[in-house]
>>> print(open('final19.txt').read())   # compact mmCIF, C-alpha atoms
# COMPACT_ATOMS: atom_id res chain seq x y z
CA MET A 256 51.68 -27.88 16.95
CA ARG A 257 54.52 -25.58 15.99
CA PHE A 258 54.85 -23.93 12.57
CA SER A 259 58.11 -22.32 11.49
CA VAL A 260 59.68 -20.76 8.39
CA LEU A 261 62.89 -21.36 6.45
CA ASP A 262 63.66 -18.59 3.96
CA ARG A 263 66.45 -19.14 1.43
CA SER A 264 66.78 -15.49 0.36
CA ARG A 265 65.91 -16.36 -3.23
CA THR A 266 66.77 -13.67 -5.75
CA ARG A 267 64.19 -12.64 -8.32
CA GLU A 268 64.53 -11.34 -11.84
CA GLY A 269 64.85 -7.56 -11.71
CA HIS A 270 65.72 -7.59 -8.00
CA ASP A 271 69.27 -7.94 -6.72
CA GLY A 272 70.77 -9.88 -3.82
CA THR A 273 70.64 -6.90 -1.50
CA GLU A 274 66.88 -6.72 -1.93
CA ALA A 275 66.56 -10.48 -1.37
CA LEU A 276 68.36 -10.24 1.96
CA ARG A 277 66.23 -7.31 3.06
CA ASP A 278 63.12 -9.25 2.01
CA THR A 279 64.27 -12.07 4.29
CA VAL A 280 64.54 -9.76 7.29
CA ALA A 281 61.17 -8.17 6.54
CA LEU A 282 59.53 -11.60 6.21
CA ALA A 283 60.95 -12.62 9.59
CA GLN A 284 59.32 -9.61 11.18
CA GLU A 285 55.96 -10.42 9.63
CA VAL A 286 55.89 -14.12 10.50
CA GLU A 287 56.94 -13.25 14.06
CA ASP A 288 53.88 -11.02 14.31
CA LEU A 289 51.76 -13.92 13.01
CA GLY A 290 52.95 -16.29 15.74
CA TYR A 291 55.36 -18.61 13.91
CA HIS A 292 57.75 -20.40 16.25
CA ARG A 293 61.13 -19.99 14.54
CA PHE A 294 62.69 -18.40 11.47
CA TRP A 295 65.69 -20.01 9.80
CA VAL A 296 68.02 -18.99 6.98
CA SER A 297 70.13 -21.16 4.69
CA GLU A 298 73.67 -21.52 3.32
CA HIS A 299 74.36 -21.56 -0.43
CA HIS A 300 77.61 -20.63 -2.17
CA GLY A 301 78.06 -19.41 -5.73
CA VAL A 302 74.38 -19.82 -6.63
CA PRO A 303 72.98 -16.98 -8.79
CA GLY A 304 69.47 -17.56 -7.49
CA VAL A 305 70.28 -17.42 -3.77
CA ALA A 306 71.67 -14.45 -1.81
CA GLY A 307 72.01 -16.29 1.51
CA SER A 308 75.67 -17.30 1.56
CA ALA A 309 76.54 -16.46 5.19
CA PRO A 310 73.76 -17.83 7.40
CA THR A 311 75.12 -16.84 10.81
CA VAL A 312 75.63 -13.27 9.61
CA LEU A 313 72.09 -13.15 8.22
CA ALA A 314 70.72 -14.79 11.38
CA ALA A 315 72.27 -11.96 13.41
CA ALA A 316 70.47 -9.39 11.25
CA VAL A 317 67.18 -11.27 11.63
CA ALA A 318 67.54 -11.62 15.39
CA ALA A 319 68.36 -7.93 15.74
CA ALA A 320 65.25 -6.97 13.74
CA THR A 321 62.86 -9.21 15.71
CA ARG A 322 61.88 -9.55 19.35
CA SER A 323 60.84 -13.04 20.36
CA ILE A 324 60.83 -15.50 17.45
CA ARG A 325 63.57 -18.14 17.55
CA VAL A 326 66.23 -17.58 14.89
CA GLY A 327 68.62 -20.06 13.36
CA THR A 328 69.98 -21.86 10.34
CA GLY A 329 68.57 -24.48 8.07
CA GLY A 330 71.38 -25.01 7.95
CA VAL A 331 75.04 -24.34 8.32
CA MET A 332 76.77 -26.95 6.16
CA LEU A 333 79.23 -28.31 8.67
CA PRO A 334 81.64 -30.00 6.20
CA ASN A 335 82.39 -26.53 4.78
CA HIS A 336 83.68 -25.19 8.10
CA GLN A 337 85.91 -25.89 11.07
CA PRO A 338 83.70 -26.94 14.02
CA LEU A 339 85.45 -24.48 16.36
CA VAL A 340 84.57 -21.55 14.10
CA VAL A 341 80.94 -22.69 13.88
CA ALA A 342 80.79 -23.02 17.68
CA GLU A 343 82.22 -19.53 18.10
CA GLN A 344 79.73 -18.03 15.65
CA PHE A 345 76.73 -19.58 17.37
CA GLY A 346 78.19 -18.74 20.77
CA VAL A 347 78.32 -15.08 19.78
CA LEU A 348 74.74 -15.24 18.49
CA GLU A 349 73.50 -16.85 21.70
CA ALA A 350 75.39 -14.35 23.84
CA LEU A 351 73.81 -11.47 21.93
CA PHE A 352 70.29 -12.96 21.71
CA PRO A 353 70.01 -15.34 24.69
CA GLY A 354 67.39 -18.08 24.49
CA ARG A 355 66.47 -17.38 20.86
CA ILE A 356 69.15 -19.10 18.75
CA ASP A 357 68.93 -22.50 16.99
CA MET A 358 71.81 -24.33 15.31
CA GLY A 359 70.55 -26.27 12.29
CA LEU A 360 73.34 -28.30 10.67
CA GLY A 361 73.60 -30.07 7.32
CA ARG A 362 76.00 -32.31 5.37
CA SER A 363 76.15 -30.60 1.95
CA VAL A 364 79.54 -29.63 0.53
CA GLY A 365 78.55 -27.39 -2.36
CA PHE A 366 76.29 -27.20 -5.40
CA THR A 367 78.96 -27.71 -8.09
CA ASP A 368 82.52 -28.98 -8.45
CA GLY A 369 83.69 -25.38 -8.80
CA VAL A 370 82.06 -24.31 -5.56
CA ARG A 371 83.46 -27.31 -3.71
CA LYS A 372 86.94 -26.52 -5.04
CA ALA A 373 86.59 -22.88 -3.98
CA LEU A 374 85.59 -24.01 -0.50
CA GLY A 375 88.52 -26.40 -0.34
CA HIS A 376 86.34 -29.49 0.01
CA GLY A 377 85.19 -32.48 -2.01
CA LYS A 378 82.09 -34.66 -2.07
CA ASP A 379 83.70 -37.20 0.25
CA ASP A 380 83.96 -34.63 3.04
CA ALA A 381 80.28 -35.15 3.78
CA GLN A 382 81.25 -38.55 5.19
CA ASP A 383 82.98 -36.77 8.09
CA PHE A 384 79.77 -35.08 9.22
CA ALA A 385 79.17 -37.27 12.28
CA ALA A 386 82.70 -36.68 13.58
CA GLY A 387 82.46 -32.95 12.89
CA LEU A 388 79.12 -32.83 14.68
CA GLU A 389 80.57 -34.53 17.75
CA GLU A 390 83.49 -32.10 17.79
CA LEU A 391 81.17 -29.11 17.40
CA LEU A 392 78.95 -30.15 20.30
CA GLY A 393 82.04 -30.77 22.39
CA TRP A 394 83.05 -27.11 22.12
CA PHE A 395 79.82 -26.13 23.86
CA ARG A 396 80.28 -28.74 26.58
CA GLY A 397 83.96 -28.02 27.16
CA THR A 398 85.06 -31.56 26.30
CA SER A 399 87.63 -30.81 23.62
CA GLY A 400 90.93 -32.57 24.17
CA THR A 401 92.89 -29.76 22.52
CA GLY A 402 93.12 -27.63 25.63
CA VAL A 403 91.46 -24.80 23.71
CA ARG A 404 88.26 -23.22 25.03
CA ALA A 405 85.54 -21.97 22.66
CA ARG A 406 84.57 -18.50 23.81
CA PRO A 407 81.89 -17.45 24.46
CA SER A 408 80.37 -20.79 23.43
CA GLU A 409 81.46 -23.06 26.26
CA GLY A 410 78.66 -23.52 28.76
CA LEU A 411 76.00 -21.99 26.52
CA ARG A 412 73.07 -24.06 25.35
CA VAL A 413 72.28 -23.58 21.67
CA PRO A 414 69.80 -26.26 20.52
CA PRO A 415 71.30 -28.29 17.64
CA PHE A 416 69.20 -29.80 14.83
CA VAL A 417 70.33 -32.22 12.12
CA LEU A 418 69.02 -31.79 8.57
CA ALA A 419 68.23 -35.37 7.65
CA ILE A 420 69.16 -36.13 4.05
CA GLY A 421 70.32 -39.67 3.35
CA GLU A 422 71.99 -41.05 6.45
CA GLY A 423 71.26 -37.87 8.42
CA ALA A 424 68.43 -39.63 10.27
CA SER A 425 70.81 -42.21 11.72
CA ILE A 426 73.34 -39.54 12.69
CA ALA A 427 70.65 -37.47 14.44
CA ALA A 428 69.41 -40.54 16.31
CA ALA A 429 72.87 -41.60 17.46
CA ALA A 430 73.67 -38.07 18.67
CA GLY A 431 70.31 -37.70 20.40
CA LEU A 432 69.37 -34.58 18.47
CA PRO A 433 66.17 -33.23 16.91
CA MET A 434 65.81 -34.06 13.22
CA VAL A 435 64.58 -31.91 10.34
CA VAL A 436 63.41 -34.12 7.50
CA GLY A 437 62.28 -33.12 4.02
CA ASP A 438 60.95 -32.87 1.65
CA ILE A 439 57.30 -33.76 2.14
CA ARG A 440 56.86 -34.68 -1.53
CA GLY A 441 58.73 -37.96 -1.07
CA ARG A 442 56.29 -39.11 1.59
CA ALA A 443 57.27 -42.79 1.77
CA LYS A 444 60.98 -41.99 1.98
CA MET A 445 60.33 -39.30 4.57
CA LEU A 446 58.26 -41.60 6.77
CA ALA A 447 60.86 -44.36 6.55
CA ALA A 448 63.55 -41.90 7.71
CA ILE A 449 61.37 -40.84 10.64
CA ASP A 450 60.80 -44.47 11.65
CA ARG A 451 64.56 -45.16 11.55
CA TYR A 452 65.24 -42.07 13.60
CA ARG A 453 62.72 -42.88 16.32
CA ALA A 454 63.77 -46.53 16.51
CA ALA A 455 67.47 -45.70 16.89
CA PHE A 456 67.18 -42.55 19.01
CA ARG A 457 69.41 -42.38 22.07
CA PRO A 458 68.63 -39.73 24.71
CA SER A 459 71.34 -37.12 25.16
CA VAL A 460 72.08 -33.94 27.10
CA TRP A 461 70.49 -32.13 24.17
CA SER A 462 67.20 -34.02 23.94
CA ASP A 463 65.45 -36.61 26.11
CA GLU A 464 63.27 -37.93 23.30
CA PRO A 465 62.93 -37.81 19.52
CA TYR A 466 61.81 -34.53 18.02
CA VAL A 467 60.75 -34.45 14.37
CA VAL A 468 60.41 -31.39 12.17
CA VAL A 469 58.97 -32.03 8.70
CA SER A 470 59.84 -29.45 6.06
CA GLY A 471 58.51 -28.56 2.65
CA THR A 472 56.60 -26.14 0.48
CA VAL A 473 53.15 -25.01 1.61
CA ALA A 474 51.24 -22.51 -0.55
CA VAL A 475 47.81 -21.18 0.44
CA ALA A 476 45.68 -18.79 -1.60
CA GLU A 477 42.09 -17.86 -2.34
CA SER A 478 41.88 -20.62 -4.95
CA GLU A 479 43.75 -23.80 -5.79
CA ALA A 480 44.87 -22.28 -9.09
CA ALA A 481 46.29 -19.19 -7.36
CA ALA A 482 48.16 -21.38 -4.87
CA ARG A 483 49.59 -23.48 -7.70
CA ARG A 484 50.84 -20.34 -9.45
CA LEU A 485 52.95 -19.57 -6.38
CA LEU A 486 54.80 -22.83 -7.04
CA VAL A 487 55.56 -22.08 -10.71
CA PRO A 488 58.73 -19.91 -10.42
CA GLU A 489 60.58 -22.32 -8.14
CA ALA A 490 59.51 -25.36 -10.17
CA TRP A 491 60.88 -23.80 -13.36
CA SER A 492 64.09 -22.63 -11.66
CA MET A 493 64.75 -26.19 -10.47
CA ALA A 494 64.02 -27.53 -13.96
CA HIS A 495 66.45 -25.02 -15.43
CA SER A 496 69.17 -26.05 -12.98
CA ARG A 497 68.73 -29.72 -13.85
CA THR A 498 68.87 -29.17 -17.59
CA ARG A 499 71.42 -26.33 -17.81
CA GLY A 500 73.51 -26.68 -14.65
CA THR A 501 72.78 -23.23 -13.23
CA PHE A 502 70.24 -22.22 -10.60
CA PRO A 503 68.74 -18.90 -11.82
CA PRO A 504 66.79 -16.14 -10.07
CA LEU A 505 63.05 -16.69 -9.86
CA PRO A 506 61.06 -15.42 -12.87
CA PRO A 507 57.43 -14.19 -12.77
CA ALA A 508 54.93 -17.04 -12.95
CA GLU A 509 53.27 -15.49 -15.99
CA ARG A 510 56.40 -15.79 -18.11
CA VAL A 511 56.96 -19.42 -17.13
CA GLU A 512 53.36 -20.29 -17.94
CA GLU A 513 53.68 -18.60 -21.34
CA ARG A 514 56.84 -20.60 -22.01
CA ALA A 515 55.09 -23.83 -21.08
CA ALA A 516 52.01 -23.03 -23.17
CA SER A 517 54.04 -22.06 -26.25
CA GLY A 518 56.00 -25.31 -26.31
CA ALA A 519 59.29 -23.47 -25.76
CA MET A 520 60.34 -25.94 -23.06
CA GLY A 521 62.35 -28.90 -24.15
CA ARG A 522 61.17 -32.40 -23.23
CA LYS A 523 63.50 -32.81 -20.26
CA GLU A 524 62.88 -29.29 -19.01
CA ARG A 525 59.12 -29.84 -19.23
CA GLU A 526 59.38 -33.15 -17.35
CA PHE A 527 61.39 -31.59 -14.53
CA TYR A 528 59.05 -28.60 -14.43
CA GLU A 529 55.90 -30.70 -14.15
CA SER A 530 57.57 -32.89 -11.53
CA GLY A 531 58.55 -29.77 -9.58
CA LEU A 532 54.92 -28.70 -9.37
CA GLY A 533 53.77 -31.98 -7.86
CA GLY A 534 53.54 -33.21 -4.30
CA HIS A 535 53.56 -29.88 -2.48
CA LEU A 536 50.84 -28.83 -0.03
CA HIS A 537 48.91 -26.17 -1.88
CA GLY A 538 45.35 -24.97 -2.30
CA THR A 539 42.68 -23.08 -0.41
CA GLU A 540 42.71 -22.88 3.37
CA ASP A 541 40.35 -25.84 3.68
CA GLN A 542 42.37 -27.93 1.23
CA VAL A 543 45.69 -27.21 2.94
CA ALA A 544 44.19 -27.83 6.38
CA ASP A 545 43.15 -31.31 5.23
CA ALA A 546 46.57 -31.99 3.72
CA LEU A 547 48.34 -30.84 6.89
CA ARG A 548 46.11 -33.03 9.01
CA THR A 549 47.18 -36.04 6.94
CA LEU A 550 50.87 -35.09 7.00
CA ILE A 551 50.93 -34.61 10.76
CA ALA A 552 48.99 -37.81 11.41
CA GLN A 553 51.29 -39.85 9.17
CA SER A 554 54.55 -38.42 10.48
CA GLY A 555 53.74 -37.74 14.12
CA ALA A 556 55.88 -34.63 13.71
CA GLN A 557 56.04 -32.01 16.43
CA GLU A 558 56.70 -29.17 14.00
CA VAL A 559 56.26 -28.10 10.38
CA LEU A 560 59.00 -26.01 8.75
CA VAL A 561 57.67 -24.17 5.70
CA THR A 562 60.21 -23.56 2.91
CA THR A 563 58.11 -21.82 0.24
CA SER A 564 59.86 -19.56 -2.29
CA THR A 565 58.17 -17.61 -5.09
CA TYR A 566 58.51 -14.48 -7.23
CA ASP A 567 55.30 -12.90 -5.91
CA ARG A 568 56.23 -11.47 -2.50
CA GLU A 569 52.71 -10.29 -1.67
CA GLY A 570 51.38 -13.72 -2.62
CA LEU A 571 53.99 -15.30 -0.34
CA ARG A 572 53.07 -13.06 2.59
CA ASP A 573 49.37 -13.75 2.03
CA SER A 574 50.13 -17.48 2.01
CA PHE A 575 51.83 -17.24 5.40
CA ARG A 576 48.92 -15.22 6.79
CA ARG A 577 46.43 -17.80 5.59
CA LEU A 578 48.55 -20.66 6.96
CA ALA A 579 48.70 -18.91 10.34
CA ARG A 580 44.90 -18.85 10.37
CA ILE A 581 44.71 -22.53 9.46
CA ALA A 582 47.12 -23.44 12.26
CA GLY A 583 45.46 -21.14 14.79
CA LEU A 584 48.76 -19.41 15.54
CA THR A 585 48.75 -16.81 18.30
CA PRO A 586 50.81 -13.62 17.96
CA PRO A 587 53.31 -12.93 20.75
CA ALA A 588 51.95 -10.97 23.70
CA GLY A 589 51.97 -7.24 23.06
CA THR A 590 52.28 -7.65 19.31
CA ALA A 591 50.16 -5.51 17.00
CA PRO A 592 48.38 -7.23 14.09
CA ALA A 593 50.80 -8.23 11.34
CA ARG A 594 51.27 -5.70 8.58
CA GLY A 595 48.78 -6.36 5.79
CA ALA A 596 46.96 -9.01 7.80
CA ALA A 597 43.31 -9.67 7.02
CA PRO A 598 40.87 -8.85 9.82
CA ASP A 599 40.06 -11.57 12.31
CA THR A 600 36.82 -13.26 11.31
CA GLY A 601 36.57 -15.64 14.23
CA ARG A 602 37.79 -19.23 14.56
CA PRO A 603 40.58 -19.95 12.04
CA ARG A 604 39.26 -21.86 9.07
CA GLY A 605 40.54 -25.43 9.08
CA ALA A 606 41.91 -25.21 12.63
CA GLU A 607 39.60 -28.00 13.74
CA ASN A 608 41.47 -30.31 11.37
CA LEU A 609 44.87 -29.92 13.01
CA PRO A 610 46.09 -31.79 16.08
CA ALA A 611 46.60 -29.79 19.25
>>> encode(input="final19.txt", output="structure tokens")
Amino acid sequence: MRFSVLDRSRTREGHDGTEALRDTVALAQEVEDLGYHRFWVSEHHGVPGVAGSAPTVLAAAVAAATRSIRVGTGGVMLPNHQPLVVAEQFGVLEALFPGRIDMGLGRSVGFTDGVRKALGHGKDDAQDFAAGLEELLGWFRGTSGTGVRARPSEGLRVPPFVLAIGEGASIAAAAGLPMVVGDIRGRAKMLAAIDRYRAAFRPSVWSDEPYVVVSGTVAVAESEAAARRLLVPEAWSMAHSRTRGTFPPLPPAERVEERAASGAMGRKEREFYESGLGGHLHGTEDQVADALRTLIAQSGAQEVLVTTSTYDREGLRDSFRRLARIAGLTPPAGTAPARGAAPDTGRPRGAENLPA
């Protein structure tokens, strides 16, 4: 069973975007040492709470700072870009870091009307995703009818993944590509998308059979309460965005909890906040091991992509260390113990609960 990480380079109160990007690179180095399979970065434009606006640029920095972990995007939002340019960017990455690059692709066209206008796109452009995807893959295979060659992309093999939101599952199945589906909180909807994908999957030059990656927040700590506190900053930030229209940097959990306890949250904000805390996989190592066992059994997924964001960076790193123990991850050969890792105490707790 593969476990991977998607980091969105979330900014935090009192810490600027430069620090968020450097935190992303440092986290990639640590999770590589822990044995995670891949590390992905995201694309967001004009969002105060996210520093990751240029995923292929950030992926290059991550790949240069690591040795063996796969590096990619979760994802490049294809409707925002010309497929040739995307092919060229990933071709350069693959040429520089052969055998380590993934190309995760999504359908989003921007967080707000202003961002979409600045990008020169509208909501309806997402409907062209399937055609853009076909064109993009054609640049790697040399099948473009334009007479133009994508260099150095043509002939290179960069594994493509489709982020399945809405009709993404059907598009991934028709193209014969691996699918990344989230989030795990909407379990029934997620499982229905997986069933549609597997039923409609057509083998392709990219993949002989369906490949499912389930994504979502996983928080592990010494107690259930401590794990829940890791969820608090992101839950409030989402509630703020839904009630005020802006997506802010992550605040400390303590301040959010004080706001909730004092009654300072409005009714809608409180509803969104409480909803944002629910449905994630969080708790002690034993609790999360049980929850993962259920998730994997229900979905039949081949991989779990962890998307946790929080203000507490040490708490986040500790969560990934604990999750690595649960999953029984093995560090790459020749790798020293991860920085700050707890000593090995024998068989990983909860590992017996996870499928091989």
>>> residues_around(input="final19.txt", residues="Trp461 of chain A", least_positions_apart="4", cutoff="12 Å", atoms="only C-alpha atoms", output="PDB file with C-alpha atoms, keeping the file's coordinate frame")
ATOM      1  CA  MET A 358      71.810 -24.330  15.310  1.00  0.00           C
ATOM      2  CA  LEU A 392      78.950 -30.150  20.300  1.00  0.00           C
ATOM      3  CA  GLY A 393      82.040 -30.770  22.390  1.00  0.00           C
ATOM      4  CA  PHE A 395      79.820 -26.130  23.860  1.00  0.00           C
ATOM      5  CA  ARG A 396      80.280 -28.740  26.580  1.00  0.00           C
ATOM      6  CA  LEU A 411      76.000 -21.990  26.520  1.00  0.00           C
ATOM      7  CA  ARG A 412      73.070 -24.060  25.350  1.00  0.00           C
ATOM      8  CA  VAL A 413      72.280 -23.580  21.670  1.00  0.00           C
ATOM      9  CA  PRO A 414      69.800 -26.260  20.520  1.00  0.00           C
ATOM     10  CA  PRO A 415      71.300 -28.290  17.640  1.00  0.00           C
ATOM     11  CA  PHE A 416      69.200 -29.800  14.830  1.00  0.00           C
ATOM     12  CA  ALA A 427      70.650 -37.470  14.440  1.00  0.00           C
ATOM     13  CA  ALA A 428      69.410 -40.540  16.310  1.00  0.00           C
ATOM     14  CA  ALA A 429      72.870 -41.600  17.460  1.00  0.00           C
ATOM     15  CA  ALA A 430      73.670 -38.070  18.670  1.00  0.00           C
ATOM     16  CA  GLY A 431      70.310 -37.700  20.400  1.00  0.00           C
ATOM     17  CA  LEU A 432      69.370 -34.580  18.470  1.00  0.00           C
ATOM     18  CA  PRO A 433      66.170 -33.230  16.910  1.00  0.00           C
ATOM     19  CA  ARG A 457      69.410 -42.380  22.070  1.00  0.00           C
ATOM     20  CA  PRO A 465      62.930 -37.810  19.520  1.00  0.00           C
ATOM     21  CA  TYR A 466      61.810 -34.530  18.020  1.00  0.00           C
TER      22      TYR A 466
END
>>> closest_residue(input="final19.txt", among="A:Ala314, A:Ala579, A:Leu374, A:Ile449", to="Asn335 of chain A", atoms="only C-alpha atoms")
A:Leu374
>>> residues_around(input="final19.txt", residues="Leu532 of chain A", least_positions_apart="4", cutoff="12 Å", atoms="only C-alpha atoms", output="ChimeraX atom specification")
/A:440,472-474,480,482-494,525-528,536-537
>>> axis_aligned_box(input="final19.txt", around="segment 528-533 of chain A", padding_each_side="3 Å", output="lines of an AutoDock Vina configuration file")
center_x = 56.4
center_y = -30.7
center_z = -11.1
size_x = 11.3
size_y = 10.3
size_z = 12.6
>>> atom_distance(input="final19.txt", atom1="atom CA of Met332 of chain A", atom2="atom CA of Glu298 of chain A")
6.9 Å
>>> closest_residue(input="final19.txt", among="A:Asp383, A:Glu529, A:Glu285, A:Glu389", to="Ser574 of chain A", atoms="only C-alpha atoms")
A:Glu285
>>> closest_residue(input="final19.txt", among="A:Gly423, A:Pro587, A:Gly400, A:Pro503", to="Arg325 of chain A", atoms="all atoms listed in the file")
A:Pro587
>>> residues_near_point(input="final19.txt", point="(58.2, -32.4, 14.5)", cutoff="7 Å", atoms="all atoms listed in the file", output="list in words")
Tyr466, Val467, Val468, Val469, Gly555, Ala556, Gln557, Glu558 and Val559 of chain A
>>> closest_residue(input="final19.txt", among="A:Ala516, A:Val260, A:Leu547, A:Val370", to="Gly327 of chain A", atoms="all atoms listed in the file")
A:Val260
>>> closest_residue(input="final19.txt", among="A:Ala515, A:Leu391, A:Ala320, A:Met520", to="Ala342 of chain A", atoms="all atoms listed in the file")
A:Leu391
>>> atom_distance(input="final19.txt", atom1="atom CA of Ile551 of chain A", atom2="atom CA of Gly359 of chain A")
21.4 Å
>>> decode(input="final19.txt", residues="segment 347-370 of chain A", atoms="N, CA and C atoms", output="PDB file, in the first residue's frame")
ATOM      1  N   VAL A 347      10.538  19.190 -19.446  1.00  0.00           N
ATOM      2  CA  VAL A 347      11.768  19.697 -18.842  1.00  0.00           C
ATOM      3  C   VAL A 347      12.006  19.040 -17.480  1.00  0.00           C
ATOM      4  N   LEU A 348      10.953  18.947 -16.675  1.00  0.00           N
ATOM      5  CA  LEU A 348      11.094  18.297 -15.366  1.00  0.00           C
ATOM      6  C   LEU A 348      11.557  16.849 -15.509  1.00  0.00           C
ATOM      7  N   GLU A 349      10.947  16.119 -16.419  1.00  0.00           N
ATOM      8  CA  GLU A 349      11.317  14.712 -16.603  1.00  0.00           C
ATOM      9  C   GLU A 349      12.742  14.583 -17.136  1.00  0.00           C
ATOM     10  N   ALA A 350      13.142  15.501 -18.013  1.00  0.00           N
ATOM     11  CA  ALA A 350      14.502  15.454 -18.540  1.00  0.00           C
ATOM     12  C   ALA A 350      15.531  15.716 -17.440  1.00  0.00           C
ATOM     13  N   LEU A 351      15.177  16.607 -16.512  1.00  0.00           N
ATOM     14  CA  LEU A 351      16.099  16.936 -15.425  1.00  0.00           C
ATOM     15  C   LEU A 351      16.100  15.887 -14.324  1.00  0.00           C
ATOM     16  N   PHE A 352      14.935  15.273 -14.068  1.00  0.00           N
ATOM     17  CA  PHE A 352      14.789  14.311 -12.967  1.00  0.00           C
ATOM     18  C   PHE A 352      14.135  13.037 -13.501  1.00  0.00           C
ATOM     19  N   PRO A 353      14.830  12.296 -14.341  1.00  0.00           N
ATOM     20  CA  PRO A 353      14.210  11.160 -15.051  1.00  0.00           C
ATOM     21  C   PRO A 353      13.662  10.093 -14.105  1.00  0.00           C
ATOM     22  N   GLY A 354      12.439   9.644 -14.426  1.00  0.00           N
ATOM     23  CA  GLY A 354      11.814   8.574 -13.668  1.00  0.00           C
ATOM     24  C   GLY A 354      11.221   8.979 -12.348  1.00  0.00           C
ATOM     25  N   ARG A 355      11.137  10.306 -12.072  1.00  0.00           N
ATOM     26  CA  ARG A 355      10.639  10.743 -10.765  1.00  0.00           C
ATOM     27  C   ARG A 355       9.453  11.694 -10.865  1.00  0.00           C
ATOM     28  N   ILE A 356       9.010  12.051 -12.060  1.00  0.00           N
ATOM     29  CA  ILE A 356       8.024  13.116 -12.215  1.00  0.00           C
ATOM     30  C   ILE A 356       6.627  12.562 -12.516  1.00  0.00           C
ATOM     31  N   ASP A 357       5.618  13.102 -11.826  1.00  0.00           N
ATOM     32  CA  ASP A 357       4.203  12.786 -12.063  1.00  0.00           C
ATOM     33  C   ASP A 357       3.501  14.041 -12.571  1.00  0.00           C
ATOM     34  N   MET A 358       2.462  13.834 -13.373  1.00  0.00           N
ATOM     35  CA  MET A 358       1.709  14.952 -13.938  1.00  0.00           C
ATOM     36  C   MET A 358       0.249  14.835 -13.508  1.00  0.00           C
ATOM     37  N   GLY A 359      -0.067  15.390 -12.332  1.00  0.00           N
ATOM     38  CA  GLY A 359      -1.444  15.419 -11.856  1.00  0.00           C
ATOM     39  C   GLY A 359      -2.166  16.616 -12.440  1.00  0.00           C
ATOM     40  N   LEU A 360      -3.367  16.386 -12.998  1.00  0.00           N
ATOM     41  CA  LEU A 360      -4.088  17.410 -13.757  1.00  0.00           C
ATOM     42  C   LEU A 360      -5.504  17.579 -13.240  1.00  0.00           C
ATOM     43  N   GLY A 361      -5.946  18.841 -13.123  1.00  0.00           N
ATOM     44  CA  GLY A 361      -7.288  19.112 -12.636  1.00  0.00           C
ATOM     45  C   GLY A 361      -8.055  20.019 -13.568  1.00  0.00           C
ATOM     46  N   ARG A 362      -9.348  20.261 -13.236  1.00  0.00           N
ATOM     47  CA  ARG A 362     -10.271  20.994 -14.105  1.00  0.00           C
ATOM     48  C   ARG A 362     -10.620  22.386 -13.593  1.00  0.00           C
ATOM     49  N   SER A 363     -10.096  22.810 -12.453  1.00  0.00           N
ATOM     50  CA  SER A 363     -10.488  24.088 -11.868  1.00  0.00           C
ATOM     51  C   SER A 363     -10.027  25.254 -12.730  1.00  0.00           C
ATOM     52  N   VAL A 364     -10.806  26.350 -12.703  1.00  0.00           N
ATOM     53  CA  VAL A 364     -10.451  27.530 -13.493  1.00  0.00           C
ATOM     54  C   VAL A 364     -10.341  28.787 -12.616  1.00  0.00           C
ATOM     55  N   GLY A 365     -10.127  28.617 -11.332  1.00  0.00           N
ATOM     56  CA  GLY A 365      -9.913  29.787 -10.487  1.00  0.00           C
ATOM     57  C   GLY A 365     -10.892  29.866  -9.341  1.00  0.00           C
ATOM     58  N   PHE A 366     -10.434  30.473  -8.236  1.00  0.00           N
ATOM     59  CA  PHE A 366     -11.194  30.516  -6.994  1.00  0.00           C
ATOM     60  C   PHE A 366     -12.303  31.562  -7.022  1.00  0.00           C
ATOM     61  N   THR A 367     -12.073  32.679  -7.729  1.00  0.00           N
ATOM     62  CA  THR A 367     -13.050  33.769  -7.776  1.00  0.00           C
ATOM     63  C   THR A 367     -13.196  34.272  -9.208  1.00  0.00           C
ATOM     64  N   ASP A 368     -14.233  35.086  -9.421  1.00  0.00           N
ATOM     65  CA  ASP A 368     -14.426  35.692 -10.748  1.00  0.00           C
ATOM     66  C   ASP A 368     -13.221  36.553 -11.132  1.00  0.00           C
ATOM     67  N   GLY A 369     -12.657  37.268 -10.154  1.00  0.00           N
ATOM     68  CA  GLY A 369     -11.513  38.112 -10.443  1.00  0.00           C
ATOM     69  C   GLY A 369     -10.304  37.322 -10.896  1.00  0.00           C
ATOM     70  N   VAL A 370     -10.058  36.201 -10.233  1.00  0.00           N
ATOM     71  CA  VAL A 370      -8.930  35.358 -10.617  1.00  0.00           C
ATOM     72  C   VAL A 370      -9.153  34.770 -12.006  1.00  0.00           C
TER      73      VAL A 370
END
